[in-house]
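Visitor: Handing you a structure now.
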Amino acid sequence: MLKNKIQEIALEIKEQAIANRRHLHQHPELSFEEHKTVAFVQAQLEKIGIASIEKKANTGLVALIEGKNPESKVIALRADMDALPITEQNQVPYKSQNPGVMHACGHDAHTSSLLGTAEILCRLRNEFEGTVKLIFQPGEEKAPGGASFMIKDKCLENPKPVAIFGQHVMPHIPAGKIGFRPGMYMASADEIYITVKGKGGHGAMPETLIDPVLIASHLIVSLQQVVSRNANPKIPTVLSFGKVIANGATNVIPNEVNLEGTLRTLDEPWRKKAKDLIRKLAKGIVEGMGGTVEVNILDGYPFLKNDPALTERTMAAAKAYVGEENVLDLDLWMAAEDFSYYTQEMAGCFYRLGTRNEAKGIVSGVHTPTFDIEEDALETSTGLMAWLAIEELKHR
């Protein structure tokens with residue numbers, strides 16, 4: 001039985017998957033700087049017998065695994081490889097050796113998982129029809145996102161997949177369990193930069209000033225009506241400002257204040273309208289209070305939509321592999337993922353791999369200095385993705 005063969009190989013290569021993950025964890029590289037990482041990935045792919053490997057987007061690569069009748073159907077599997085500018089606080093043998101850089105979002109696990117999946121598929125290439133395209137991409141953590149550069153560099157061409165899968169660790173889900181959500185899943189993410197300019201001076205003489213601190217304060221509060229009084233309540237929307245710089249003093253009003261924030265939603269027409277409203281409202285409020293304003297909104301990742309039919313098939317396949325009790329339904333999540341670029345091009349399924357182990361204290365969230373994973377999850381991740389790929393190749 002093919003499933004049993006996959007599970008046997010996943011168990012056999014588990015220690016190698018853990019070793020690969022630990023190597024990557026010890027040697028993290030920031031977005032678009034993954035030179036040693038991609039060299040390691042290429043070496044591992046060549047070691048397991050993959051000859052068709054092509055560099056993309058400077059620090060990304062694409063590899064092909066061909067089964068029987070390789071042109072019958074093509075699907076893609078994606079892993080991201082970059083780390084975050086975080087100083088690791090874990091005291092583990094595989095702690096980051098690069099000061100200030102850490103795999104705090106699990107991309108080391110994603111990459112080692114896909115390497116393991118590649119080995120399973122290579123060993124079983126005579127037992128499935130079609131082609132599996134492996135996409136190892138850079139820069140998921142940094143706008144405009146490595147996926148966008150990979151697509152521009154034609155990672156989805158020659159051959160062109162009809163579906164793509166992405167797997168991401170989830171520290172809130174126990175290891176051994178998998179999470180799915182058909183349809184809308186993750187939000188778009190745009191970066192907002194606003195500069196409010198006025199006339200600074202002595203804090204004891206406000207009548208001689210145009211106070212940008214006061215104006216910016218009104219602006220932050222007023223911009224909340226973009227969501228509360230303009231967004232359809234049925235469309236999840238978040239507008240948050242996390243950085244305010246007013247470089248004055250107790251008795252010094254500065255000439256300008258800088259604001260930085262994010263807009264997130266799950267509807268593209270509303271996303272565009274909301275950004276127009278932010279610009280219009282900022283201009284009206286700031287100029288109405290005597291100042292001037294510059295609004296710069298950088299377009300980030302689009303919303304992520306899991307193709308309903310593909311995801312339903314994938315959930316059924318996952319239940320067959322790990323058991324129905326280990327497949328969970330996910331809620332909407334307002335974080336963003338550049339896998340969304342792929343889902344704008346073709347049917348996609350982005351699912352979650354449980355990595356939590358409370359008994360071992362592995363409970364920290366992603367993007368924290370104490371994030372880690374239950375490494376036993378790598379046995380599940382490698383085998384499951386291979387199983388899902390082969391099952392989808394069967395679908396016509």
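Numbering starts fresh at 1 for the residues of each chain in the structure tokens, the chains themselves are lettered A, B, ... in the order given, and ligands are numbered from 1 as they appear.
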DSSP on the backbone, then: every residue of range 90-288 of chain A marked helix (DSSP H, G or I), written as a PyMOL selection string.
Guide: chain A and resi 107-123+125-127+146-152+206-208+212-223+225-228+268-288
Visitor: Quick one: write out the picked residues with C-alpha atoms as a compact mmCIF listing (two decimals), in the first residue's frame?
Guide:
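Saved the output as out_13.txt:
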```
# COMPACT_ATOMS: atom_id res chain seq x y z
CA HIS A 107 11.03 28.34 7.72
CA ASP A 108 13.87 25.99 8.66
CA ALA A 109 11.20 23.35 9.29
CA HIS A 110 9.45 24.16 6.02
CA THR A 111 12.67 23.77 4.05
CA SER A 112 13.78 20.56 5.76
CA SER A 113 10.26 19.17 5.36
CA LEU A 114 10.24 19.78 1.63
CA LEU A 115 13.68 18.22 1.33
CA GLY A 116 12.33 15.14 3.08
CA THR A 117 9.25 15.13 0.88
CA ALA A 118 11.53 15.33 -2.16
CA GLU A 119 13.41 12.22 -1.05
CA ILE A 120 10.19 10.28 -0.53
CA LEU A 121 8.89 11.29 -3.97
CA CYS A 122 12.21 10.43 -5.60
CA ARG A 123 12.15 6.93 -4.12
CA ARG A 125 8.72 8.13 -8.67
CA ASN A 126 7.84 4.87 -10.45
CA GLU A 127 4.61 4.63 -8.45
CA GLY A 146 9.95 36.53 -2.48
CA ALA A 147 7.00 34.74 -4.06
CA SER A 148 6.37 37.78 -6.27
CA PHE A 149 9.97 37.67 -7.52
CA MET A 150 9.85 33.92 -8.07
CA ILE A 151 6.71 34.31 -10.18
CA LYS A 152 8.29 37.14 -12.18
CA PRO A 206 1.61 76.79 21.66
CA GLU A 207 -0.01 79.87 20.11
CA THR A 208 3.07 80.32 17.92
CA PRO A 212 2.17 68.08 14.55
CA VAL A 213 1.97 65.92 17.69
CA LEU A 214 -1.57 67.05 18.38
CA ILE A 215 -2.51 66.75 14.71
CA ALA A 216 -1.05 63.25 14.48
CA SER A 217 -2.94 62.23 17.60
CA HIS A 218 -6.23 63.35 16.07
CA LEU A 219 -5.31 61.62 12.84
CA ILE A 220 -4.65 58.22 14.43
CA VAL A 221 -7.99 58.32 16.22
CA SER A 222 -9.91 59.62 13.21
CA LEU A 223 -8.48 57.03 10.82
CA GLN A 225 -13.48 55.40 11.22
CA VAL A 226 -12.15 54.00 7.95
CA VAL A 227 -12.91 50.61 9.50
CA SER A 228 -15.73 51.38 11.93
CA GLU A 268 -9.50 43.39 -2.89
CA PRO A 269 -12.01 46.07 -4.03
CA TRP A 270 -12.48 47.22 -0.42
CA ARG A 271 -8.72 47.14 0.12
CA LYS A 272 -8.26 49.66 -2.70
CA LYS A 273 -11.10 51.86 -1.46
CA ALA A 274 -9.77 51.82 2.11
CA LYS A 275 -6.36 53.05 0.99
CA ASP A 276 -8.00 55.90 -0.93
CA LEU A 277 -10.01 56.81 2.17
CA ILE A 278 -6.86 56.87 4.32
CA ARG A 279 -5.20 59.30 1.92
CA LYS A 280 -8.28 61.50 1.67
CA LEU A 281 -8.96 61.59 5.42
CA ALA A 282 -5.33 62.27 6.29
CA LYS A 283 -5.19 65.22 3.91
CA GLY A 284 -8.45 66.66 5.20
CA ILE A 285 -7.66 66.38 8.91
CA VAL A 286 -4.06 67.53 8.77
CA GLU A 287 -4.64 70.45 6.43
CA GLY A 288 -7.76 71.40 8.37
```
Visitor: Excluding range 376-384 of chain A and any residue of its chain fewer than 4 positions from it, enumerate the residues within 7 Å of it, using only C-alpha atoms, and give them as a PyMOL selection string.
Guide: chain A and resi 6-7+10-11+14+17+113-114+116-117+175-176+318+321+353+355+388
Visitor: To one decimal in Å, tell me the separation between CA of Pro369 in chain A and CA of Leu30 in chain A.
Guide: 15.1 Å
Visitor: Return as a ChimeraX atom specification the full set of residues in range 306-340 of chain A whose backbone-based DSSP assignment is strand (DSSP E).
Guide: /A:306,327-329
Visitor: List as a list in words the protein and nucleic acid residues near Ala143 in chain A, meaning an atom at most 12 Å away when only C-alpha atoms are counted, but skip any in the same chain fewer than 4 places from it.
Guide: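 Everything that qualifies: Ser31, Phe32, Pro138, Gly139, Ala147, Ser148, Phe149, Ser188, Ala189, Asp190, Glu191, Leu298, Asp299, Gly300, Tyr301, Pro302, Ala336, Glu337, Asp338 and Tyr341 of chain A.
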Visitor: I'd like the neighbourhood of range 157-169 of chain A as a ChimeraX atom specification, where a residue qualifies if any of its atoms comes within 9 Å (using only C-alpha atoms), though same-chain residues fewer than 6 positions away should be ignored.
Guide: /A:71,73-79,105-107,109-110,113,131-133,151,310,339,342-343,346-355,366,373,381,385,388-389,392
Visitor: Could you check the closest approach to Met334 in chain A for each of A:Phe180, A:Tyr94, A:Phe241, A:Phe303 and tell me which residue wins, using only C-alpha atoms?
Guide: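 Among A:Phe180, A:Tyr94, A:Phe241, A:Phe303, it is A:Phe303 that comes nearest to Met334 in chain A.
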Visitor: Rounded to one decimal in Å, what is the spacing between CA of Asn69 in chain A and CA of Ala43 in chain A?
Guide: 26.8 Å
Visitor: When distances are computed from only C-alpha atoms, which of A:Ile178, A:Leu393, A:Ala309, A:Ile297 shows the smallest separation from Ile192 in chain A?
Guide: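 Closest residue, counting only C-alpha atoms: A:Ile297.
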Visitor: One decimal, Å: what's the distance from CA of Phe371 in chain A over to CA of Thr37 in chain A, could you say?
Guide: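 Computing the Euclidean distance for CA of Phe371 in chain A and CA of Thr37 in chain A yields 20.0 Å.
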